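Data block for upload.cif (mmCIF, C-alpha atoms):
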data_input
loop_
_atom_site.label_atom_id
_atom_site.label_comp_id
_atom_site.auth_asym_id
_atom_site.auth_seq_id
_atom_site.Cartn_x
_atom_site.Cartn_y
_atom_site.Cartn_z
CA MET D 3 16.95 11.23 -30.01
CA ASN D 4 18.00 12.49 -26.56
CA GLU D 5 18.44 10.92 -23.12
CA THR D 6 14.93 11.80 -21.99
CA GLU D 7 13.49 9.49 -24.64
CA VAL D 8 13.48 6.26 -22.70
CA LEU D 9 13.09 3.60 -25.36
CA THR D 10 14.04 -0.02 -25.76
CA GLU D 11 14.80 -1.90 -28.94
CA LEU D 12 14.72 -5.59 -29.70
CA ASP D 13 17.43 -7.09 -31.91
CA VAL D 14 15.37 -9.19 -34.30
CA ALA D 15 18.37 -11.18 -35.50
CA ASP D 16 22.12 -10.68 -35.47
CA ALA D 17 24.03 -7.45 -34.94
CA GLY D 18 23.80 -5.22 -37.95
CA ARG D 19 20.21 -6.09 -38.83
CA SER D 20 17.33 -3.72 -38.17
CA VAL D 21 16.09 -3.19 -34.63
CA MET D 22 12.64 -2.07 -33.59
CA LYS D 23 11.71 -0.08 -30.53
CA LYS D 24 9.61 -1.89 -27.95
CA LEU D 25 8.74 0.91 -25.52
CA PRO D 26 7.06 4.28 -25.99
CA GLU D 27 8.80 7.62 -25.90
CA VAL D 28 8.72 9.13 -22.42
CA THR D 29 6.62 12.24 -22.75
CA LEU D 30 3.92 13.88 -20.67
CA ALA D 31 1.41 11.46 -22.22
CA PHE D 32 3.54 8.54 -21.01
CA TRP D 33 3.39 9.69 -17.39
CA ILE D 34 -0.36 10.40 -17.61
CA MET D 35 -0.93 6.86 -18.85
CA LYS D 36 1.43 5.46 -16.22
CA THR D 37 -0.49 7.20 -13.44
CA ALA D 38 -3.84 6.06 -14.88
CA ALA D 39 -2.59 2.46 -15.15
CA THR D 40 -1.20 2.40 -11.62
CA THR D 41 -4.34 3.95 -10.16
CA LEU D 42 -6.41 1.32 -11.96
CA GLY D 43 -3.99 -1.31 -10.68
CA GLU D 44 -4.75 -0.20 -7.13
CA THR D 45 -8.52 -0.18 -7.48
CA ALA D 46 -8.67 -3.40 -9.55
CA GLY D 47 -6.36 -5.25 -7.16
CA ASP D 48 -8.56 -4.23 -4.24
CA LEU D 49 -11.66 -5.17 -6.27
CA PHE D 50 -10.50 -8.78 -6.65
CA ALA D 51 -8.94 -9.21 -3.21
CA GLN D 52 -11.36 -7.28 -1.01
CA THR D 53 -14.63 -6.50 -2.78
CA LEU D 54 -14.93 -9.94 -4.43
CA ARG D 55 -13.32 -11.44 -1.31
CA LEU D 56 -10.86 -13.66 -3.15
CA GLY D 57 -8.24 -12.72 -0.59
CA TYR D 58 -4.66 -11.54 -1.01
CA PHE D 59 -3.19 -15.02 -1.45
CA ILE D 60 -5.41 -16.27 -4.28
CA THR D 61 -5.55 -12.85 -5.97
CA THR D 62 -1.77 -12.53 -5.92
CA ILE D 63 -1.38 -15.89 -7.65
CA LEU D 64 -4.11 -15.07 -10.19
CA LEU D 65 -2.75 -11.62 -11.04
CA PHE D 66 0.84 -12.86 -11.22
CA LEU D 67 -0.25 -15.44 -13.79
CA ILE D 68 -1.99 -12.68 -15.75
CA PHE D 69 1.25 -10.69 -15.60
CA VAL D 70 3.18 -13.67 -17.03
CA VAL D 71 0.72 -14.02 -19.91
CA THR D 72 0.80 -10.32 -20.79
CA LEU D 73 4.59 -10.30 -20.51
CA VAL D 74 4.92 -13.21 -22.95
CA VAL D 75 2.77 -11.32 -25.45
CA GLN D 76 4.92 -8.21 -25.02
CA LEU D 77 8.20 -10.13 -25.35
CA ARG D 78 7.03 -11.89 -28.50
CA SER D 79 5.98 -8.63 -30.11
CA ARG D 80 8.50 -7.37 -32.66
CA ARG D 81 7.66 -3.68 -32.29
CA TYR D 82 6.07 -1.25 -29.87
CA ASN D 83 2.35 -1.88 -29.46
CA PRO D 84 0.63 0.45 -26.96
CA PHE D 85 -2.00 -2.14 -26.04
CA PHE D 86 0.62 -4.82 -25.30
CA TYR D 87 2.94 -2.49 -23.40
CA TRP D 88 0.32 -0.79 -21.22
CA THR D 89 -1.43 -4.09 -20.50
CA VAL D 90 1.82 -5.33 -18.96
CA ILE D 91 2.15 -2.11 -16.95
CA LEU D 92 -1.44 -2.58 -15.74
CA SER D 93 -0.86 -6.23 -14.84
CA THR D 94 2.30 -5.37 -12.87
CA SER D 95 0.32 -2.67 -11.05
CA MET D 96 -2.51 -5.04 -10.14
CA ALA D 97 -0.15 -7.83 -9.11
CA GLY D 98 2.01 -5.34 -7.23
CA THR D 99 -1.02 -4.15 -5.26
CA THR D 100 -1.92 -7.57 -3.87
CA MET D 101 1.71 -8.71 -3.54
CA SER D 102 2.38 -5.67 -1.36
CA ASP D 103 -0.81 -6.20 0.66
CA PHE D 104 0.00 -9.88 1.18
CA MET D 105 3.53 -9.05 2.36
CA ASN D 106 2.64 -6.17 4.66
CA ARG D 107 -0.83 -6.88 6.01
CA ASP D 108 -2.58 -9.49 8.16
CA SER D 109 -6.09 -10.07 9.50
CA SER D 110 -5.97 -6.85 11.54
CA TYR D 111 -6.37 -4.88 8.28
CA LEU D 112 -9.67 -6.54 7.36
CA SER D 113 -12.68 -4.24 7.49
CA ASP D 114 -16.16 -4.66 8.97
CA GLY D 115 -14.89 -6.98 11.68
CA ALA D 116 -14.20 -9.77 9.18
CA THR D 117 -11.94 -12.57 10.36
CA SER D 118 -11.23 -14.13 6.98
CA LEU D 119 -10.80 -13.06 3.37
CA GLY D 120 -10.69 -15.69 0.68
CA TRP D 121 -8.70 -18.90 0.91
CA GLY D 122 -5.23 -19.15 2.34
CA PRO D 123 -3.28 -16.89 4.72
CA GLN D 124 -4.53 -13.35 5.24
CA GLY D 125 -1.03 -11.99 4.80
CA LEU D 126 2.48 -12.23 6.18
CA GLY D 127 2.03 -9.17 8.41
CA LEU D 128 5.57 -7.92 7.84
CA GLY D 129 4.53 -4.27 8.04
CA TYR D 130 5.40 -1.48 5.62
CA PRO D 131 8.99 -0.76 6.77
CA VAL D 132 10.09 -4.41 6.61
CA GLY D 133 8.18 -5.03 3.39
CA ALA D 134 9.70 -1.95 1.76
CA ALA D 135 13.20 -2.95 2.89
CA ILE D 136 12.76 -6.41 1.32
CA LEU D 137 11.48 -4.95 -1.95
CA ILE D 138 14.26 -2.36 -2.10
CA SER D 139 16.79 -5.15 -1.57
CA ILE D 140 15.24 -7.20 -4.39
CA LEU D 141 15.22 -4.18 -6.70
CA ILE D 142 18.86 -3.44 -5.91
CA GLY D 143 19.62 -7.10 -6.59
CA ILE D 144 17.96 -6.89 -10.01
CA PHE D 145 19.98 -3.80 -10.88
CA ALA D 146 23.16 -5.50 -9.61
CA VAL D 147 22.55 -8.49 -11.88
CA TRP D 148 21.73 -6.07 -14.69
CA LYS D 149 25.06 -4.30 -14.19
CA TYR D 150 26.97 -7.60 -13.85
CA THR D 151 25.70 -8.73 -17.25
CA GLY D 152 27.32 -5.66 -18.76
CA MET D 153 24.10 -4.54 -20.43
CA THR D 154 23.34 -0.85 -20.54
CA PHE D 155 20.85 0.83 -18.22
CA VAL D 156 19.88 3.17 -21.06
CA ILE D 157 16.53 1.59 -21.83
CA ARG D 158 16.46 2.47 -25.50
CA ASP D 159 19.66 0.46 -26.03
CA ILE D 160 18.30 -2.86 -24.73
CA VAL D 161 18.61 -5.31 -27.63
CA THR D 162 18.35 -8.75 -26.00
CA PHE D 163 15.63 -10.92 -24.52
CA ARG D 164 17.56 -11.09 -21.24
CA GLY D 165 17.79 -7.32 -21.04
CA GLU D 166 14.07 -6.88 -21.59
CA ALA D 167 13.32 -9.61 -19.02
CA LEU D 168 15.43 -7.72 -16.45
CA PHE D 169 13.63 -4.50 -17.36
CA TRP D 170 10.20 -6.02 -16.71
CA SER D 171 11.39 -7.70 -13.51
CA ALA D 172 12.44 -4.28 -12.25
CA ILE D 173 9.07 -2.87 -13.32
CA LEU D 174 7.16 -5.49 -11.32
CA VAL D 175 9.21 -4.99 -8.16
CA SER D 176 9.16 -1.19 -8.46
CA ASN D 177 5.35 -1.20 -8.77
CA THR D 178 5.09 -3.47 -5.72
CA LEU D 179 7.45 -1.18 -3.80
CA GLY D 180 5.47 1.86 -4.89
CA THR D 181 2.28 0.26 -3.59
CA SER D 182 3.88 -0.24 -0.17
CA MET D 183 5.00 3.38 -0.14
CA GLY D 184 1.56 4.64 -1.13
CA ASP D 185 -0.26 2.52 1.45
CA PHE D 186 2.17 3.63 4.14
CA LEU D 187 1.60 7.29 3.29
CA SER D 188 -2.18 6.82 3.22
CA ASP D 189 -2.64 4.53 6.22
CA SER D 190 0.25 4.99 8.63
CA SER D 191 2.03 8.30 8.04
CA GLY D 192 -0.80 10.56 9.19
CA LEU D 193 -0.75 12.46 5.89
CA GLY D 194 -3.92 10.84 4.57
CA TYR D 195 -4.74 10.34 0.91
CA ALA D 196 -4.56 13.99 -0.14
CA GLY D 197 -1.41 14.68 1.90
CA GLY D 198 0.33 11.59 0.51
CA ALA D 199 -0.56 12.56 -3.04
CA LEU D 200 0.72 16.11 -2.50
CA LEU D 201 4.01 14.80 -1.08
CA ILE D 202 4.57 12.47 -4.04
CA SER D 203 3.62 15.24 -6.48
CA GLY D 204 6.20 17.50 -4.84
CA LEU D 205 8.90 14.84 -5.18
CA LEU D 206 8.02 14.36 -8.85
CA ALA D 207 8.33 18.13 -9.35
CA VAL D 208 11.84 17.93 -7.90
CA LEU D 209 12.69 15.24 -10.45
CA LEU D 210 11.56 17.57 -13.24
CA VAL D 211 13.98 20.19 -11.98
CA LEU D 212 16.80 17.64 -11.73
CA MET D 213 16.29 16.71 -15.39
CA ARG D 214 18.02 19.97 -16.22
CA VAL D 215 21.04 19.14 -14.06
CA PRO D 216 23.65 17.53 -16.36
CA ALA D 217 25.35 15.68 -13.49
CA VAL D 218 22.19 13.65 -12.73
CA PRO D 219 21.66 10.77 -15.20
CA ASN D 220 18.21 10.78 -16.77
CA VAL D 221 18.07 6.98 -16.52
CA VAL D 222 18.27 7.30 -12.70
CA LEU D 223 15.53 9.93 -12.74
CA PHE D 224 13.36 7.66 -14.90
CA TRP D 225 13.48 4.80 -12.39
CA ILE D 226 12.89 7.07 -9.40
CA GLY D 227 9.95 8.62 -11.23
CA PHE D 228 8.63 5.20 -12.18
CA VAL D 229 8.65 4.11 -8.54
CA LEU D 230 7.11 7.36 -7.27
CA THR D 231 4.21 7.38 -9.73
CA ARG D 232 3.07 4.08 -8.22
CA PRO D 233 2.39 5.48 -4.71
CA LEU D 234 0.73 8.43 -6.43
CA GLY D 235 -1.61 5.95 -8.11
CA ALA D 236 -2.06 4.04 -4.84
CA THR D 237 -3.08 7.12 -2.89
CA ALA D 238 -5.33 8.30 -5.73
CA GLY D 239 -6.96 4.88 -5.91
CA ASP D 240 -7.54 4.78 -2.17
CA PHE D 241 -8.94 8.32 -2.28
CA LEU D 242 -11.49 7.21 -4.89
CA THR D 243 -12.57 4.00 -3.19
CA LYS D 244 -12.24 4.38 0.59
CA PRO D 245 -15.13 5.54 2.82
CA VAL D 246 -15.73 9.23 3.41
CA ALA D 247 -15.05 8.67 7.12
CA LYS D 248 -11.50 7.66 6.20
CA GLY D 249 -10.98 10.62 3.89
CA GLY D 250 -12.01 8.96 0.62
CA LEU D 251 -14.80 9.57 -1.89
CA ASP D 252 -16.40 6.14 -1.36
CA LEU D 253 -16.92 5.55 -5.09
CA GLY D 254 -16.23 1.84 -4.69
CA THR D 255 -13.63 -0.36 -6.33
CA ALA D 256 -15.94 -1.55 -9.14
CA GLY D 257 -17.13 1.87 -10.27
CA SER D 258 -13.71 3.48 -9.96
CA SER D 259 -12.06 0.60 -11.84
CA ALA D 260 -14.60 0.80 -14.67
CA VAL D 261 -14.08 4.54 -15.16
CA LEU D 262 -10.30 4.24 -14.97
CA LEU D 263 -10.33 1.33 -17.43
CA LEU D 264 -12.31 3.37 -19.94
CA ILE D 265 -9.83 6.24 -19.57
CA LEU D 266 -6.82 3.94 -19.98
CA VAL D 267 -8.28 2.14 -23.01
CA GLY D 268 -9.06 5.50 -24.59
CA LEU D 269 -5.48 6.65 -24.00
CA MET D 270 -4.12 3.40 -25.42
CA GLY D 271 -6.30 3.82 -28.50
CA TYR D 272 -4.99 7.35 -28.98
CA ALA D 273 -1.38 6.15 -28.55
CA HIS D 274 -2.01 3.36 -31.07
CA LEU D 275 -3.31 5.80 -33.68
CA ALA D 276 -0.38 8.15 -33.04
CA GLU D 277 2.08 5.26 -33.45
CA ARG D 278 0.48 4.19 -36.72
CA LYS D 279 0.64 7.75 -38.00
CA LYS D 280 4.36 7.95 -37.13
CA THR D 281 5.01 4.62 -38.84
CA HIS D 282 3.26 5.72 -42.02
CA SER D 283 5.12 9.05 -42.05
CA ARG D 284 8.48 7.25 -41.74
CA ARG D 285 7.61 4.97 -44.66
CA ALA D 286 6.42 7.86 -46.84
#

Show this structure as structure tokens.
Amino acid sequence: MNETEVLTELDVADAGRSVMKKLPEVTLAFWIMKTAATTLGETAGDLFAQTLRLGYFITTILLFLIFVVTLVVQLRSRRYNPFFYWTVILSTSMAGTTMSDFMNRDSSYLSDGATSLGWGPQGLGLGYPVGAAILISILIGIFAVWKYTGMTFVIRDIVTFRGEALFWSAILVSNTLGTSMGDFLSDSSGLGYAGGALLISGLLAVLLVLMRVPAVPNVVLFWIGFVLTRPLGATAGDFLTKPVAKGGLDLGTAGSSAVLLLILVGLMGYAHLAERKKTHSRRA
């Protein structure tokens, strides 16, 4: 097992007893599923908040509660289950989408001349730079607490409930931060959806090169890659759903979400079968 295999294990009792891994191996399939989940998180978040007109405030509360439920299921699981794990990733992506929108946007972002969207405030209107600065500060704070506890940042060595809780807290904030980055690239940078996606893809390619540099810790590259795949999903989601006049394909949030959900469920099913096959081979 090498450093590029980002795993986590849960200590099921005291030290010395068996431990079981809780996260998947980080392979090409992992990043494909991560991108699919984050793209679906973008389109599904917009589906609830904008298309169904629940608004950012109500949708954020709803999706955060869904995140809590999926997280409890994941934390109570005693071994890696692809459906549990990727459902949490999806819920953090959906919640991160509306959390970012609520922080950064206000009524000026509403389309078709609408003056209201759902119940509650339209958004805090902090803007992408301020919102990103707040999220980066929170993420740094989580990592500071993580370091203060003395627990390792090597994900496969996490063996406590507290360590896994910190891991998922960082996941939620990183997905929210990635949404802000993606929306900024798509809406405010002038790059557009395709340009933003190309920029993020280029940065991810640089990370692949850095994986071969011994001086750069793979754990650091993992977290940078995890953050960057979120704006890639955000720009891809916007490209699928936004009007042609704005540079999108105008497929709609409902249709895009349905197709992406089918793809993600199919990938989770494949990962589940692969995990069962590996478990049986280890027992044989």

Of the residues D:Val71, D:Val221, D:Val28, D:Leu77, which is the one nearest to Arg164 of chain D, using only C-alpha atoms?
-> D:Leu77

Matched chain/residue IDs from the PyMOL selection byres ((chain D and resi 235-252) around 9), as an NGL selection string | :D and (36-45 or 99 or 180-185 or 187-188 or 194-196 or 198-199 or 230-234 or 253-259)

Write the residues of the preceding selection, restricted to C-alpha atoms, as a CSV table (one decimal), in the coordinates of the input.
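Dumped to selection_39.csv:
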chain,number,residue,atom,x,y,z
D,36,LYS,CA,1.4,5.5,-16.2
D,37,THR,CA,-0.5,7.2,-13.4
D,38,ALA,CA,-3.8,6.1,-14.9
D,39,ALA,CA,-2.6,2.5,-15.2
D,40,THR,CA,-1.2,2.4,-11.6
D,41,THR,CA,-4.3,4.0,-10.2
D,42,LEU,CA,-6.4,1.3,-12.0
D,43,GLY,CA,-4.0,-1.3,-10.7
D,44,GLU,CA,-4.8,-0.2,-7.1
D,45,THR,CA,-8.5,-0.2,-7.5
D,99,THR,CA,-1.0,-4.2,-5.3
D,180,GLY,CA,5.5,1.9,-4.9
D,181,THR,CA,2.3,0.3,-3.6
D,182,SER,CA,3.9,-0.2,-0.2
D,183,MET,CA,5.0,3.4,-0.1
D,184,GLY,CA,1.6,4.6,-1.1
D,185,ASP,CA,-0.3,2.5,1.4
D,187,LEU,CA,1.6,7.3,3.3
D,188,SER,CA,-2.2,6.8,3.2
D,194,GLY,CA,-3.9,10.8,4.6
D,195,TYR,CA,-4.7,10.3,0.9
D,196,ALA,CA,-4.6,14.0,-0.1
D,198,GLY,CA,0.3,11.6,0.5
D,199,ALA,CA,-0.6,12.6,-3.0
D,230,LEU,CA,7.1,7.4,-7.3
D,231,THR,CA,4.2,7.4,-9.7
D,232,ARG,CA,3.1,4.1,-8.2
D,233,PRO,CA,2.4,5.5,-4.7
D,234,LEU,CA,0.7,8.4,-6.4
D,253,LEU,CA,-16.9,5.6,-5.1
D,254,GLY,CA,-16.2,1.8,-4.7
D,255,THR,CA,-13.6,-0.4,-6.3
D,256,ALA,CA,-15.9,-1.6,-9.1
D,257,GLY,CA,-17.1,1.9,-10.3
D,258,SER,CA,-13.7,3.5,-10.0
D,259,SER,CA,-12.1,0.6,-11.8

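Computed from the coordinates, the atom CA of Ile142 of chain D to atom CA of Ala172 of chain D distance equals 9.1 Å.
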
Contacts of Gly125 of chain D at 9 Å (only C-alpha atoms; same-chain gap of 3+ positions) as a PyMOL selection string = chain D and resi 58-59+103-109+122+128

Mind giving me the straight-line distance from atom CA of Ser283 of chain D to atom CA of Gly268 of chain D in Å, one decimal?
->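 The value is 22.8 Å.
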
Which of these, D:Val211, D:Leu205, D:Ala46, D:Leu126, has the shortest distance to Met96 of chain D once you count all atoms listed in the file?
->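 Checking each candidate against Met96 of chain D, we get D:Ala46 as the closest.
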
Given all atoms listed in the file as the counted atoms, nearest of D:Gly47, D:Pro131, D:Gly271, D:Pro123 to Leu92 of chain D | D:Gly47

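Across the structure, atom CA of Arg278 of chain D and atom CA of Phe155 of chain D are spaced 27.7 Å apart.
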
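The nearest approach to Ala135 of chain D among the residues D:Thr178, D:Thr151, D:Pro84, D:Phe66, with all atoms listed in the file taken into account, belongs to D:Thr178.
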
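Across D:Leu206, D:Ala97, D:Leu168, D:Ala134, the tightest approach to Val147 of chain D is made by D:Leu168 when counting all atoms listed in the file.
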
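A distance cut-off of 10 Å around (3.1, -4.5, -16.7), counting only C-alpha atoms, selects these protein and nucleic acid residues: D:Ala39, D:Thr40, D:Gly43, D:Ile68, D:Phe69, D:Val70, D:Thr72, D:Leu73, D:Gln76, D:Phe86, D:Tyr87, D:Trp88, D:Thr89, D:Val90, D:Ile91, D:Leu92, D:Ser93, D:Thr94, D:Ser95, D:Met96, D:Ala97, D:Gly98, D:Trp170, D:Ser171, D:Ile173, D:Leu174, D:Asn177.
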
Write the selection just made, keeping C-alpha atoms, as an mmCIF file, in the coordinates of the input?
data_model
loop_
_atom_site.group_PDB
_atom_site.id
_atom_site.type_symbol
_atom_site.label_atom_id
_atom_site.label_comp_id
_atom_site.auth_asym_id
_atom_site.auth_seq_id
_atom_site.Cartn_x
_atom_site.Cartn_y
_atom_site.Cartn_z
ATOM 1 C CA ALA D 39 -2.590 2.460 -15.150
ATOM 2 C CA THR D 40 -1.200 2.400 -11.620
ATOM 3 C CA GLY D 43 -3.990 -1.310 -10.680
ATOM 4 C CA ILE D 68 -1.990 -12.680 -15.750
ATOM 5 C CA PHE D 69 1.250 -10.690 -15.600
ATOM 6 C CA VAL D 70 3.180 -13.670 -17.030
ATOM 7 C CA THR D 72 0.800 -10.320 -20.790
ATOM 8 C CA LEU D 73 4.590 -10.300 -20.510
ATOM 9 C CA GLN D 76 4.920 -8.210 -25.020
ATOM 10 C CA PHE D 86 0.620 -4.820 -25.300
ATOM 11 C CA TYR D 87 2.940 -2.490 -23.400
ATOM 12 C CA TRP D 88 0.320 -0.790 -21.220
ATOM 13 C CA THR D 89 -1.430 -4.090 -20.500
ATOM 14 C CA VAL D 90 1.820 -5.330 -18.960
ATOM 15 C CA ILE D 91 2.150 -2.110 -16.950
ATOM 16 C CA LEU D 92 -1.440 -2.580 -15.740
ATOM 17 C CA SER D 93 -0.860 -6.230 -14.840
ATOM 18 C CA THR D 94 2.300 -5.370 -12.870
ATOM 19 C CA SER D 95 0.320 -2.670 -11.050
ATOM 20 C CA MET D 96 -2.510 -5.040 -10.140
ATOM 21 C CA ALA D 97 -0.150 -7.830 -9.110
ATOM 22 C CA GLY D 98 2.010 -5.340 -7.230
ATOM 23 C CA TRP D 170 10.200 -6.020 -16.710
ATOM 24 C CA SER D 171 11.390 -7.700 -13.510
ATOM 25 C CA ILE D 173 9.070 -2.870 -13.320
ATOM 26 C CA LEU D 174 7.160 -5.490 -11.320
ATOM 27 C CA ASN D 177 5.350 -1.200 -8.770
#

Find the spatial neighbours of Leu137 of chain D, counting all atoms listed in the file, within a cut-off of 9 Å - ignore same-chain residues fewer than 4 positions away - and output them as a VMD selection string.
-> chain D and resid 132 to 133 141 to 142 175 to 176 178 to 179

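You can rank D:Leu65, D:Met35, D:Ala167, D:Ile138 by their closest distance to Tyr272 of chain D using only C-alpha atoms, and at the top of that list sits D:Met35.
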
Protein/DNA/RNA residues near (23.5, 2.9, -9.5), cut 12 Å, only C-alpha atoms, as a list in words |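 The residues near that point, listed by chain and number, are Leu141, Ile142, Gly143, Ile144, Phe145, Ala146, Val147, Trp148, Lys149, Tyr150, Thr154, Phe155, Val218, Pro219, Asn220, Val221, Val222, Leu223, Trp225 and Ile226 of chain D.
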